[in-house]
$ cat data05.txt   # compact mmCIF, C-alpha atoms and all ligand atoms
# COMPACT_ATOMS: atom_id res chain seq x y z
CA MET Y 149 35.98 -9.74 4.19
CA SER Y 150 33.81 -6.92 2.76
CA ILE Y 151 30.09 -7.02 3.48
CA LEU Y 152 27.85 -8.31 0.67
CA LYS Y 153 26.05 -5.53 -1.18
CA THR Y 154 23.36 -5.24 -3.85
CA ASP Y 155 24.21 -3.88 -7.31
CA SER Y 156 22.96 -0.26 -7.31
CA GLU Y 157 23.18 0.12 -11.09
CA ARG Y 158 21.11 -3.01 -11.68
CA LEU Y 159 18.51 -1.87 -9.10
CA LYS Y 160 18.36 1.54 -10.80
CA ARG Y 161 17.86 -0.19 -14.17
CA PHE Y 162 15.00 -2.32 -12.82
CA LEU Y 163 13.28 0.74 -11.31
CA THR Y 164 13.81 2.87 -14.40
CA GLU Y 165 12.60 0.22 -16.84
CA ILE Y 166 9.49 -0.77 -14.84
CA ALA Y 167 8.53 2.92 -14.55
CA VAL Y 168 7.89 2.91 -18.30
CA PHE Y 169 4.62 1.07 -17.70
CA GLY Y 170 2.10 3.84 -17.03
CA ALA Y 171 4.72 6.60 -17.25
CA THR Y 172 3.22 10.13 -17.13
CA GLU Y 173 4.76 13.15 -18.86
CA ASN Y 174 5.69 14.69 -15.48
CA GLY Y 175 7.88 11.81 -14.38
CA GLY Y 176 5.32 9.85 -12.40
CA VAL Y 177 3.22 6.78 -13.16
CA THR Y 178 -0.46 6.02 -13.54
CA ARG Y 179 -0.53 2.23 -13.26
CA LEU Y 180 -3.91 1.49 -11.71
CA ALA Y 181 -4.70 -2.04 -10.58
CA LEU Y 182 -5.74 -4.49 -13.33
CA THR Y 183 -5.18 -2.03 -16.19
CA ASP Y 184 -3.10 -2.79 -19.28
CA GLU Y 185 -0.22 -0.90 -17.66
CA ASP Y 186 -0.45 -3.15 -14.58
CA ARG Y 187 -0.56 -6.21 -16.83
CA ASP Y 188 2.54 -5.10 -18.77
CA ALA Y 189 4.48 -4.41 -15.59
CA ARG Y 190 3.43 -7.81 -14.21
CA ASN Y 191 4.65 -9.49 -17.39
CA GLN Y 192 7.99 -7.71 -17.08
CA LEU Y 193 8.40 -8.73 -13.43
CA LYS Y 194 7.61 -12.35 -14.31
CA ALA Y 195 10.24 -12.32 -17.06
CA TRP Y 196 12.89 -10.81 -14.78
CA PHE Y 197 12.23 -13.20 -11.87
CA GLU Y 198 12.19 -16.26 -14.11
CA GLU Y 199 15.44 -15.13 -15.73
CA ALA Y 200 16.84 -15.01 -12.18
CA GLY Y 201 15.81 -18.64 -11.61
CA CYS Y 202 12.57 -18.15 -9.64
CA GLU Y 203 9.34 -20.14 -9.92
CA THR Y 204 6.16 -18.08 -10.50
CA HIS Y 205 2.84 -18.83 -8.81
CA VAL Y 206 -0.27 -16.69 -9.42
CA ASP Y 207 -3.23 -17.19 -7.06
CA ARG Y 208 -6.91 -16.49 -7.66
CA MET Y 209 -6.54 -12.87 -6.57
CA GLY Y 210 -3.69 -12.33 -9.03
CA ASN Y 211 -1.10 -12.19 -6.25
CA MET Y 212 2.23 -13.13 -7.86
CA PHE Y 213 4.64 -15.23 -5.76
CA PHE Y 214 8.21 -15.49 -7.12
CA VAL Y 215 9.98 -18.35 -5.31
CA ARG Y 216 13.77 -18.73 -5.05
CA PRO Y 217 14.27 -22.32 -3.89
CA GLY Y 218 16.23 -22.90 -0.67
CA ARG Y 219 18.26 -25.94 0.38
CA ASN Y 220 15.54 -27.27 2.65
CA ARG Y 221 12.18 -26.70 1.02
CA ASP Y 222 10.28 -28.12 3.96
CA LEU Y 223 11.26 -25.17 6.14
CA ALA Y 224 8.95 -22.14 6.44
CA PRO Y 225 9.99 -19.59 3.78
CA VAL Y 226 11.04 -15.98 4.23
CA LEU Y 227 9.00 -13.36 2.38
CA THR Y 228 9.36 -9.86 1.01
CA GLY Y 229 7.41 -7.90 -1.59
CA SER Y 230 4.91 -5.09 -2.02
CA HIS Y 231 2.63 -3.83 -4.81
CA CYS Y 232 2.97 -2.94 -8.48
CA ASP Y 233 -0.15 -0.80 -8.81
CA SER Y 234 0.04 2.97 -8.33
CA GLN Y 235 -2.17 5.95 -7.60
CA PRO Y 236 -3.38 8.06 -10.53
CA GLN Y 237 -0.50 10.49 -11.28
CA GLY Y 238 1.38 8.58 -8.60
CA GLY Y 239 5.07 8.06 -7.96
CA ARG Y 240 7.70 5.74 -9.47
CA PHE Y 241 8.79 4.27 -6.12
CA ASP Y 242 5.64 3.55 -4.06
CA GLY Y 243 5.26 -0.22 -3.85
CA ILE Y 244 7.32 -1.23 -6.86
CA LEU Y 245 10.59 -0.44 -5.04
CA GLY Y 246 9.82 -3.28 -2.62
CA ILE Y 247 9.35 -5.77 -5.45
CA VAL Y 248 12.36 -4.85 -7.60
CA ALA Y 249 14.55 -4.66 -4.49
CA GLY Y 250 13.44 -8.24 -3.79
CA LEU Y 251 14.50 -9.09 -7.35
CA GLU Y 252 17.85 -7.39 -6.74
CA VAL Y 253 18.31 -9.47 -3.57
CA VAL Y 254 17.66 -12.61 -5.65
CA CYS Y 255 20.26 -11.47 -8.20
CA ALA Y 256 22.82 -10.51 -5.55
CA LEU Y 257 22.45 -13.94 -3.90
CA ASN Y 258 22.79 -15.58 -7.32
CA ASP Y 259 25.94 -13.55 -8.10
CA ALA Y 260 27.42 -14.56 -4.74
CA GLY Y 261 26.52 -18.23 -5.36
CA ILE Y 262 24.53 -18.31 -2.14
CA THR Y 263 21.72 -20.84 -1.61
CA LEU Y 264 19.68 -19.98 1.46
CA GLU Y 265 18.49 -22.65 3.85
CA ARG Y 266 14.88 -21.55 3.26
CA ASP Y 267 12.84 -20.66 0.20
CA PHE Y 268 12.85 -16.90 -0.40
CA ILE Y 269 9.60 -15.54 -1.83
CA VAL Y 270 9.04 -12.10 -3.38
CA VAL Y 271 5.36 -11.14 -3.77
CA ASN Y 272 3.46 -8.67 -5.94
CA TRP Y 273 0.20 -8.17 -3.97
CA THR Y 274 -2.78 -7.18 -6.11
CA ASN Y 275 -4.51 -3.78 -5.75
CA GLU Y 276 -2.76 -2.38 -2.69
CA GLU Y 277 -3.77 1.21 -3.48
CA GLY Y 278 -7.54 0.78 -3.57
CA SER Y 279 -7.87 3.78 -5.89
CA ARG Y 280 -9.63 2.07 -8.81
CA PHE Y 281 -11.22 -0.72 -6.78
CA THR Y 282 -12.01 0.00 -3.11
CA PRO Y 283 -10.91 -1.19 -0.54
CA GLY Y 284 -7.14 -1.39 -0.94
CA THR Y 285 -4.75 -4.21 0.02
CA THR Y 286 -7.28 -6.48 -1.67
CA GLY Y 287 -4.88 -9.26 -2.67
CA SER Y 288 -3.18 -9.44 0.71
CA GLY Y 289 -6.51 -8.99 2.53
CA VAL Y 290 -8.10 -11.99 0.80
CA PHE Y 291 -4.89 -13.99 1.32
CA ALA Y 292 -5.08 -13.14 5.04
CA GLY Y 293 -8.73 -14.26 5.12
CA LYS Y 294 -9.87 -10.75 6.11
CA LEU Y 295 -11.57 -9.88 2.81
CA GLU Y 296 -13.90 -12.25 0.94
CA ARG Y 297 -12.71 -13.20 -2.58
CA GLU Y 298 -16.10 -13.36 -4.31
CA ALA Y 299 -17.03 -9.96 -2.83
CA MET Y 300 -13.74 -8.54 -4.12
CA TYR Y 301 -14.42 -10.02 -7.59
CA GLY Y 302 -17.65 -7.99 -7.56
CA LEU Y 303 -16.01 -4.61 -6.81
CA THR Y 304 -16.64 -2.15 -9.64
CA ASP Y 305 -14.65 0.82 -10.87
CA ARG Y 306 -16.17 4.14 -12.00
CA ASN Y 307 -16.87 2.69 -15.42
CA GLY Y 308 -18.78 -0.27 -13.99
CA LEU Y 309 -16.01 -2.76 -14.79
CA THR Y 310 -15.66 -5.48 -12.14
CA PHE Y 311 -12.48 -6.57 -10.38
CA GLY Y 312 -13.03 -10.21 -11.38
CA ALA Y 313 -13.59 -9.43 -15.06
CA GLU Y 314 -10.59 -7.11 -15.22
CA LEU Y 315 -8.35 -9.65 -13.47
CA GLU Y 316 -9.43 -12.22 -16.06
CA ARG Y 317 -8.98 -9.75 -18.93
CA ILE Y 318 -5.36 -9.02 -18.06
CA GLY Y 319 -4.66 -12.74 -17.73
CA TYR Y 320 -3.82 -12.81 -14.02
CA LYS Y 321 -6.81 -14.60 -12.50
CA GLY Y 322 -4.77 -17.54 -11.31
CA VAL Y 323 -6.32 -20.97 -10.90
CA GLU Y 324 -4.19 -22.20 -8.03
CA ASP Y 325 -4.41 -21.41 -4.36
CA PHE Y 326 -0.68 -21.10 -3.81
CA ASP Y 327 -0.22 -20.86 -0.08
CA PRO Y 328 3.35 -20.99 1.31
CA ARG Y 329 2.27 -20.65 4.93
CA PRO Y 330 3.49 -21.02 7.62
CA LEU Y 331 5.94 -18.21 6.95
CA HIS Y 332 9.15 -17.73 8.91
CA ALA Y 333 9.46 -13.94 8.52
CA ASN Y 334 8.20 -11.12 6.28
CA PHE Y 335 10.04 -7.87 5.51
CA GLU Y 336 8.34 -5.23 3.36
CA TYR Y 337 10.72 -2.61 1.98
CA HIS Y 338 8.99 0.69 1.09
CA ILE Y 339 9.59 4.44 0.74
CA GLU Y 340 8.56 6.34 3.88
CA GLN Y 341 6.10 8.60 2.02
CA GLY Y 342 6.52 11.27 4.68
CA PRO Y 343 9.04 13.91 5.85
CA VAL Y 344 10.47 12.36 9.02
CA LEU Y 345 13.62 10.55 7.80
CA GLU Y 346 14.74 13.46 5.62
CA ARG Y 347 14.19 16.01 8.45
CA GLN Y 348 16.04 13.81 10.94
CA GLY Y 349 18.87 13.05 8.51
CA LYS Y 350 18.37 9.29 8.77
CA THR Y 351 18.66 6.71 5.96
CA ILE Y 352 16.70 3.73 7.29
CA GLY Y 353 13.27 4.00 8.92
CA VAL Y 354 12.23 1.18 11.22
CA PRO Y 355 8.50 1.46 11.96
CA LYS Y 356 7.13 -0.23 15.07
CA GLY Y 357 3.92 -0.78 13.11
CA ILE Y 358 1.26 0.63 10.79
CA VAL Y 359 -1.53 2.94 11.95
CA CYS Y 360 -5.15 1.81 12.00
CA LEU Y 361 -7.35 3.05 9.16
CA ARG Y 362 -11.03 3.89 8.57
CA TRP Y 363 -12.53 4.73 5.14
CA TYR Y 364 -15.94 6.37 4.66
CA ASP Y 365 -18.23 6.96 1.68
CA VAL Y 366 -20.69 9.81 2.20
CA ASP Y 367 -23.66 10.80 -0.01
CA ILE Y 368 -25.28 14.22 0.45
CA LYS Y 369 -28.71 14.83 -1.08
CA GLY Y 370 -29.89 18.39 -1.65
CA VAL Y 371 -32.23 19.83 -4.27
CA PRO Y 372 -30.87 20.48 -7.78
CA ASN Y 373 -32.07 23.82 -9.12
CA HIS Y 374 -31.30 26.70 -11.42
CA ALA Y 375 -28.24 28.76 -10.44
CA GLY Y 376 -29.99 31.99 -11.44
CA PRO Y 377 -33.55 32.49 -10.25
CA THR Y 378 -33.34 30.36 -7.08
CA PRO Y 379 -33.23 32.70 -4.03
CA MET Y 380 -30.18 32.09 -1.81
CA ASN Y 381 -32.29 31.47 1.31
CA GLU Y 382 -34.31 28.78 -0.46
CA ARG Y 383 -31.40 26.63 -1.61
CA GLN Y 384 -30.57 23.09 -0.46
CA ASP Y 385 -27.15 23.17 -2.02
CA ALA Y 386 -25.23 19.87 -1.66
CA VAL Y 387 -21.90 21.56 -2.52
CA TYR Y 388 -22.44 24.17 0.21
CA ALA Y 389 -23.25 21.38 2.67
CA PHE Y 390 -20.14 19.46 1.56
CA SER Y 391 -17.91 22.54 1.92
CA LYS Y 392 -18.95 23.07 5.55
CA MET Y 393 -18.40 19.35 6.27
CA ALA Y 394 -14.96 19.34 4.62
CA VAL Y 395 -13.78 22.29 6.73
CA ASN Y 396 -14.95 20.53 9.91
CA ILE Y 397 -13.32 17.23 8.90
CA PHE Y 398 -9.94 18.92 8.30
CA GLU Y 399 -10.13 20.91 11.54
CA ILE Y 400 -11.06 17.83 13.62
CA GLY Y 401 -7.91 16.13 12.30
CA LEU Y 402 -5.85 19.25 12.94
CA ALA Y 403 -7.04 19.33 16.56
CA SER Y 404 -6.04 15.71 17.21
CA ASN Y 405 -2.39 15.08 18.04
CA ASP Y 406 -2.44 11.56 16.65
CA VAL Y 407 -5.18 11.15 14.04
CA VAL Y 408 -5.21 12.48 10.48
CA THR Y 409 -8.32 13.11 8.36
CA THR Y 410 -8.43 13.44 4.56
CA VAL Y 411 -11.20 14.10 2.06
CA GLY Y 412 -9.70 12.67 -1.13
CA GLU Y 413 -12.58 12.23 -3.57
CA VAL Y 414 -15.44 14.69 -4.25
CA HIS Y 415 -18.07 14.05 -6.94
CA PRO Y 416 -20.80 16.74 -7.28
CA GLN Y 417 -23.77 15.95 -9.52
CA PRO Y 418 -24.69 17.12 -12.12
CA ASN Y 419 -21.36 18.97 -11.91
CA SER Y 420 -22.53 21.83 -14.11
CA ARG Y 421 -21.56 25.45 -13.53
CA ASN Y 422 -25.12 26.81 -13.73
CA VAL Y 423 -26.88 24.13 -11.69
CA ILE Y 424 -27.15 24.05 -7.89
CA ALA Y 425 -25.76 20.57 -7.10
CA GLY Y 426 -28.39 18.11 -5.90
CA ASP Y 427 -25.90 15.43 -4.90
CA VAL Y 428 -22.33 15.17 -3.64
CA HIS Y 429 -20.51 11.88 -3.05
CA PHE Y 430 -17.25 12.18 -1.13
CA THR Y 431 -14.75 9.97 0.71
CA ILE Y 432 -12.95 10.26 4.03
CA ASP Y 433 -9.69 8.58 5.09
CA ILE Y 434 -9.02 8.60 8.86
CA ARG Y 435 -5.90 7.07 10.44
CA GLY Y 436 -4.14 6.98 13.79
CA TRP Y 437 -1.83 4.85 15.90
CA ASP Y 438 -4.23 4.97 18.86
CA GLU Y 439 -7.39 3.01 17.95
CA THR Y 440 -9.50 4.62 20.72
CA GLU Y 441 -8.58 8.15 19.64
CA THR Y 442 -9.16 7.20 15.99
CA ASP Y 443 -12.64 5.92 16.75
CA ARG Y 444 -13.37 9.04 18.83
CA VAL Y 445 -12.38 11.20 15.85
CA CYS Y 446 -14.61 9.07 13.60
CA SER Y 447 -17.59 9.76 15.88
CA GLU Y 448 -16.82 13.49 15.94
CA VAL Y 449 -16.56 13.56 12.13
CA GLU Y 450 -19.86 11.69 11.72
CA GLU Y 451 -21.54 14.14 14.14
CA ALA Y 452 -20.20 17.14 12.25
CA ILE Y 453 -21.47 15.73 8.95
CA ARG Y 454 -24.97 15.21 10.35
CA LYS Y 455 -25.03 18.71 11.92
CA ASN Y 456 -24.00 20.41 8.66
CA ALA Y 457 -26.52 18.42 6.62
CA GLU Y 458 -29.31 19.55 8.91
CA ALA Y 459 -28.11 23.16 8.88
CA THR Y 460 -28.23 23.24 5.07
CA GLY Y 461 -31.50 21.39 4.54
CA CYS Y 462 -29.79 18.34 3.00
CA SER Y 463 -30.01 14.67 3.90
CA VAL Y 464 -26.90 12.52 4.23
CA ASP Y 465 -25.92 8.84 4.13
CA ILE Y 466 -22.64 8.00 5.95
CA ARG Y 467 -21.08 4.55 5.44
CA GLN Y 468 -17.85 3.28 6.99
CA THR Y 469 -16.68 1.16 4.05
CA TRP Y 470 -13.35 -0.14 5.37
CA ALA Y 471 -11.66 -0.55 8.74
CA VAL Y 472 -8.22 -2.05 9.37
CA GLU Y 473 -6.78 -2.48 12.82
CA ARG Y 474 -3.33 -1.23 13.76
CA ALA Y 475 -0.46 -3.57 12.86
CA PRO Y 476 2.31 -3.78 15.50
CA PHE Y 477 5.51 -5.36 14.08
CA GLN Y 478 7.60 -8.23 15.44
CA PRO Y 479 10.11 -6.68 17.91
CA GLU Y 480 12.95 -9.16 17.15
CA LEU Y 481 12.66 -8.38 13.41
CA VAL Y 482 12.52 -4.65 14.15
CA GLU Y 483 15.72 -5.11 16.14
CA LEU Y 484 17.29 -7.14 13.32
CA ILE Y 485 16.73 -4.26 10.88
CA HIS Y 486 18.48 -1.91 13.29
CA GLU Y 487 21.33 -4.41 13.66
CA LYS Y 488 21.79 -4.86 9.89
CA ALA Y 489 21.52 -1.13 9.20
CA GLY Y 490 24.20 -0.62 11.85
CA GLU Y 491 26.51 -3.20 10.26
CA LEU Y 492 26.06 -1.32 6.97
CA GLY Y 493 26.84 1.99 8.66
CA LEU Y 494 23.35 3.36 7.91
CA PRO Y 495 21.73 5.71 10.46
CA ALA Y 496 18.31 4.31 11.42
CA LEU Y 497 15.28 5.74 13.19
CA ASP Y 498 12.36 4.16 15.04
CA MET Y 499 9.03 5.48 13.80
CA VAL Y 500 5.40 4.62 12.96
CA SER Y 501 4.08 4.04 9.46
CA GLY Y 502 1.43 6.65 8.67
CA ALA Y 503 0.91 4.97 5.32
CA SER Y 504 -0.78 1.62 5.10
CA HIS Y 505 0.82 -1.32 3.32
CA ASP Y 506 0.13 -4.98 2.49
CA THR Y 507 1.99 -5.85 5.67
CA VAL Y 508 -1.03 -4.56 7.60
CA TYR Y 509 -2.58 -7.92 6.66
CA ILE Y 510 0.56 -10.06 6.24
CA ASN Y 511 1.33 -9.14 9.86
CA GLN Y 512 -1.73 -11.17 10.85
CA PHE Y 513 -0.22 -14.47 9.67
CA ALA Y 514 3.55 -13.92 9.56
CA PRO Y 515 6.08 -12.26 11.90
CA SER Y 516 6.67 -8.97 10.07
CA ALA Y 517 8.63 -5.73 9.98
CA MET Y 518 9.26 -2.99 7.44
CA ILE Y 519 12.27 -1.12 6.10
CA PHE Y 520 11.79 2.53 5.06
CA VAL Y 521 13.97 4.93 3.10
CA PRO Y 522 13.49 8.72 2.84
CA SER Y 523 11.05 10.41 0.47
CA ILE Y 524 12.59 13.63 -0.85
CA GLY Y 525 10.54 16.57 0.41
CA GLY Y 526 8.34 14.03 2.18
CA ARG Y 527 6.27 13.77 -0.99
CA SER Y 528 4.42 10.67 -2.23
CA HIS Y 529 1.23 9.71 -4.07
CA ALA Y 530 2.32 12.44 -6.49
CA GLU Y 531 4.42 12.52 -9.67
CA VAL Y 532 7.24 14.32 -7.85
CA GLU Y 533 7.72 11.30 -5.54
CA GLU Y 534 11.48 10.73 -5.37
CA THR Y 535 14.03 8.74 -3.35
CA SER Y 536 17.74 9.05 -4.07
CA TRP Y 537 19.39 6.09 -5.80
CA ALA Y 538 21.83 5.89 -2.89
CA ASP Y 539 18.95 5.54 -0.42
CA CYS Y 540 17.16 3.01 -2.66
CA THR Y 541 20.36 0.93 -2.58
CA ALA Y 542 20.84 1.40 1.18
CA GLY Y 543 17.36 -0.01 1.80
CA ALA Y 544 18.00 -2.90 -0.58
CA ASP Y 545 21.28 -3.72 1.20
CA THR Y 546 19.43 -3.72 4.52
CA LEU Y 547 16.77 -6.04 3.06
CA LEU Y 548 19.50 -8.31 1.64
CA HIS Y 549 21.04 -8.81 5.07
CA CYS Y 550 17.70 -9.33 6.83
CA ILE Y 551 16.90 -12.03 4.26
CA LEU Y 552 20.40 -13.53 4.53
CA LYS Y 553 19.97 -13.85 8.30
CA THR Y 554 16.37 -15.12 8.49
CA GLY Y 555 16.65 -17.15 5.26
CA ASN Y 556 19.46 -19.12 6.90
CA ASP Y 557 17.78 -19.53 10.29
CA PRO Y 558 18.04 -23.26 11.05
CA GLU Y 559 15.00 -25.41 11.80
CA GLY Y 560 13.68 -24.66 15.28
CA VAL Y 561 14.35 -20.91 15.15
CA THR Y 562 11.01 -19.12 15.25
CA TYR Y 563 9.72 -15.58 15.79
CA ALA Y 564 6.58 -15.22 17.88
CA MET Y 565 3.73 -13.30 16.25
CA ALA Y 566 3.56 -9.66 17.35
CA ASP Y 567 0.72 -9.01 19.76
O1 LIG Y 601 -3.06 4.71 1.44
C1 LIG Y 601 -1.97 4.24 1.75
O2 LIG Y 601 -1.51 4.49 2.84
C2 LIG Y 601 -1.20 3.36 0.81
O3 LIG Y 601 -0.15 4.10 0.25
N1 LIG Y 601 -2.02 2.84 -0.23
MN MN Y 602 2.61 1.60 -1.15
MN MN Y 603 0.48 4.10 -2.01

$ encode --input "data05.txt" --output "structure tokens"
Amino acid sequence: MSILKTDSERLKRFLTEIAVFGATENGGVTRLALTDEDRDARNQLKAWFEEAGCETHVDRMGNMFFVRPGRNRDLAPVLTGSHCDSQPQGGRFDGILGIVAGLEVVCALNDAGITLERDFIVVNWTNEEGSRFTPGTTGSGVFAGKLEREAMYGLTDRNGLTFGAELERIGYKGVEDFDPRPLHANFEYHIEQGPVLERQGKTIGVPKGIVCLRWYDVDIKGVPNHAGPTPMNERQDAVYAFSKMAVNIFEIGLASNDVVTTVGEVHPQPNSRNVIAGDVHFTIDIRGWDETETDRVCSEVEEAIRKNAEATGCSVDIRQTWAVERAPFQPELVELIHEKAGELGLPALDMVSGASHDTVYINQFAPSAMIFVPSIGGRSHAEVEETSWADCTAGADTLLHCILKTGNDPEGVTYAMAD
């Protein structure tokens, strides 16, 4: 008997049609959390899942749970899902692939007339990216009890709009506390967002976990002055101070064989070509698999910032605004992904996830693992982000078989939490 497969044309249609919401002229998407584009994509997902026979639950963080009923609804459900929001000028696959592949699994099971033993839930987690409202993985973080809902409602974007008001405005501030826990197993399917699978010629990535992460917000204060008459040796130039800090931050990351350091946002004030900047606000993203080395790098970065501020006559305020511990995945589920990829004839590779995902929090209350597929050129968080349709389907087939197995686990089968 041939092995059950997903429908690649239907998956391609889902991905292509959902990419319309926030589409950019260069083939990417800008679908920031809680914008009209996010709302429209959410509405489309809801319509598709309900057409496929799923129940929809929206919790108070706007997390959307699409439930495909199983035979025995008292058993702990199996979960998949990811996020619908994107980066500005982001890619058409990051996050959304995991949700529409979950939809395709629902449809493939429907086509095959299969009712799983357990409920199967596909989730759209709110604000994974953290670009418009910081921190990221807000929906999953509140659900995991690691972020405080009222504090998240108070987050503001650059225009002073709050998370809570925007969630209400788009109509996704749910009133119920839908909570399907305990969960039997969670698989998040996602593009790799790096170069490893493509360089190694592998189709399925099987991360052992997600790196730990530290986010900083830094404010430099210099003295704003005229770009002309002010003598060079009398300047307290916040952009000059920032530039020296940014070089150090990059080089500290370069020197570490595990940790990466990124300055993503830079906001000089008044940002005028003939004014010496008085203020610079910038952000730092630091990640590594080894928590001790990551924290050592954080200390070295903080020290370099202070040293450069002093050397340029500026003051500086350094705040660590987010920290997430490393998420090791459930070894039996990691093994299951390898087993299912093998049955499908798909070459698989053990790796670490350098990108963070909602599973960094889901992993704290459900046995979890992730399925990766290659990013062409290793590019992501950019409009050129691309994964071949064949690889998108290969990952969806792997997800289908992981859900088929765990969704039919009889009562009494359990997976210990990863330690
Ligand atoms: O930043 C991340 O790693 C995720 O893609 N938001
Ligand atoms: Mn993502
Ligand atoms: Mn992302």

$ closest_residue --input "data05.txt" --among "Y:Cys462, Y:Leu257, Y:Leu494, Y:Val359" --to "Leu552 (chain Y)" --atoms "all atoms listed in the file"
Y:Leu257

$ atom_distance --input "data05.txt" --atom1 "CA of Leu180 (chain Y)" --atom2 "CA of Gln237 (chain Y)"
9.6 Å

$ closest_atom_pairs --input "data05.txt" --of "chain Y" --to "ligand MN 602 (chain Y)" --cutoff "8 Å" --atoms "all atoms listed in the file" --output "Markdown table"
| residue | atom | partner | partner_atom | distance |
| --- | --- | --- | --- | --- |
| Y:Ser230 | CA | Y:MN602 | MN | 7.1 |
| Y:His231 | CA | Y:MN602 | MN | 6.5 |
| Y:Ser234 | CA | Y:MN602 | MN | 7.7 |
| Y:Asp242 | CA | Y:MN602 | MN | 4.6 |
| Y:Gly243 | CA | Y:MN602 | MN | 4.2 |
| Y:Ile244 | CA | Y:MN602 | MN | 7.9 |
| Y:Glu276 | CA | Y:MN602 | MN | 6.9 |
| Y:Glu277 | CA | Y:MN602 | MN | 6.8 |
| Y:His338 | CA | Y:MN602 | MN | 6.8 |
| Y:Ile339 | CA | Y:MN602 | MN | 7.8 |
| Y:Ala503 | CA | Y:MN602 | MN | 7.5 |
| Y:Ser504 | CA | Y:MN602 | MN | 7.1 |
| Y:His505 | CA | Y:MN602 | MN | 5.6 |
| Y:Asp506 | CA | Y:MN602 | MN | 7.9 |

$ atom_distance --input "data05.txt" --atom1 "CA of Arg297 (chain Y)" --atom2 "CA of Pro476 (chain Y)"
25.3 Å

$ residues_around --input "data05.txt" --residues "Glu252 (chain Y)" --least-positions-apart "4" --cutoff "8 Å" --atoms "all atoms listed in the file" --output "PyMOL selection string"
chain Y and resi 154-155+158-159+248+256+544

$ residues_around --input "data05.txt" --residues "Thr562 (chain Y)" --least-positions-apart "5" --cutoff "9 Å" --atoms "all atoms listed in the file" --output "ChimeraX atom specification"
/Y:332-333,557

$ closest_residue --input "data05.txt" --among "Y:Val271, Y:Glu480, Y:Gly218, Y:Ala181" --to "Leu193 (chain Y)" --atoms "all atoms listed in the file"
Y:Val271

$ atom_distance --input "data05.txt" --atom1 "CA of Lys321 (chain Y)" --atom2 "CA of Arg208 (chain Y)"
5.2 Å

$ residues_around --input "data05.txt" --residues "Asp233 (chain Y)" --least-positions-apart "3" --cutoff "10 Å" --atoms "all atoms listed in the file" --output "PyMOL selection string"
chain Y and resi 170+177-183+185-187+189-190+230+236+238+242-244+272-280

$ closest_residue --input "data05.txt" --among "Y:Arg329, Y:Arg383, Y:Arg240, Y:Lys160" --to "ligand MN 603 (chain Y)" --atoms "only C-alpha atoms and all ligand atoms"
Y:Arg240

$ closest_residue --input "data05.txt" --among "Y:Arg219, Y:Arg421, Y:His415, Y:Arg362" --to "ligand LIG 601 (chain Y)" --atoms "all atoms listed in the file"
Y:Arg362

$ decode --input "data05.txt" --residues "region 323-331 of chain Y" --atoms "N, CA, C and O atoms" --output "short mmCIF file (atom, residue, chain, number, x, y, z; two decimals), in the first residue's frame"
data_model
loop_
_atom_site.label_atom_id
_atom_site.label_comp_id
_atom_site.auth_asym_id
_atom_site.auth_seq_id
_atom_site.Cartn_x
_atom_site.Cartn_y
_atom_site.Cartn_z
N VAL Y 323 -12.47 36.19 24.23
CA VAL Y 323 -13.01 36.32 25.59
C VAL Y 323 -12.88 35.02 26.37
O VAL Y 323 -13.10 34.96 27.56
N GLU Y 324 -12.42 33.97 25.67
CA GLU Y 324 -12.34 32.69 26.40
C GLU Y 324 -10.87 32.35 26.69
O GLU Y 324 -9.97 32.80 25.99
N ASP Y 325 -10.70 31.57 27.76
CA ASP Y 325 -9.34 31.10 28.03
C ASP Y 325 -9.24 29.66 27.59
O ASP Y 325 -9.13 28.75 28.38
N PHE Y 326 -9.28 29.45 26.27
CA PHE Y 326 -9.22 28.10 25.74
C PHE Y 326 -7.88 27.47 26.15
O PHE Y 326 -6.82 28.07 25.93
N ASP Y 327 -7.93 26.36 26.82
CA ASP Y 327 -6.68 25.76 27.27
C ASP Y 327 -6.77 24.24 27.13
O ASP Y 327 -7.37 23.57 27.95
N PRO Y 328 -6.17 23.69 26.04
CA PRO Y 328 -6.32 22.26 25.77
C PRO Y 328 -5.32 21.38 26.53
O PRO Y 328 -5.23 20.19 26.27
N ARG Y 329 -4.59 21.99 27.48
CA ARG Y 329 -3.58 21.19 28.19
C ARG Y 329 -4.26 20.20 29.13
O ARG Y 329 -5.39 20.46 29.56
N PRO Y 330 -3.61 19.09 29.41
CA PRO Y 330 -2.28 18.65 29.01
C PRO Y 330 -2.25 18.28 27.51
O PRO Y 330 -3.27 17.84 26.98
N LEU Y 331 -1.08 18.48 26.93
CA LEU Y 331 -0.89 18.15 25.51
C LEU Y 331 -0.03 16.91 25.40
O LEU Y 331 0.91 16.71 26.16
#
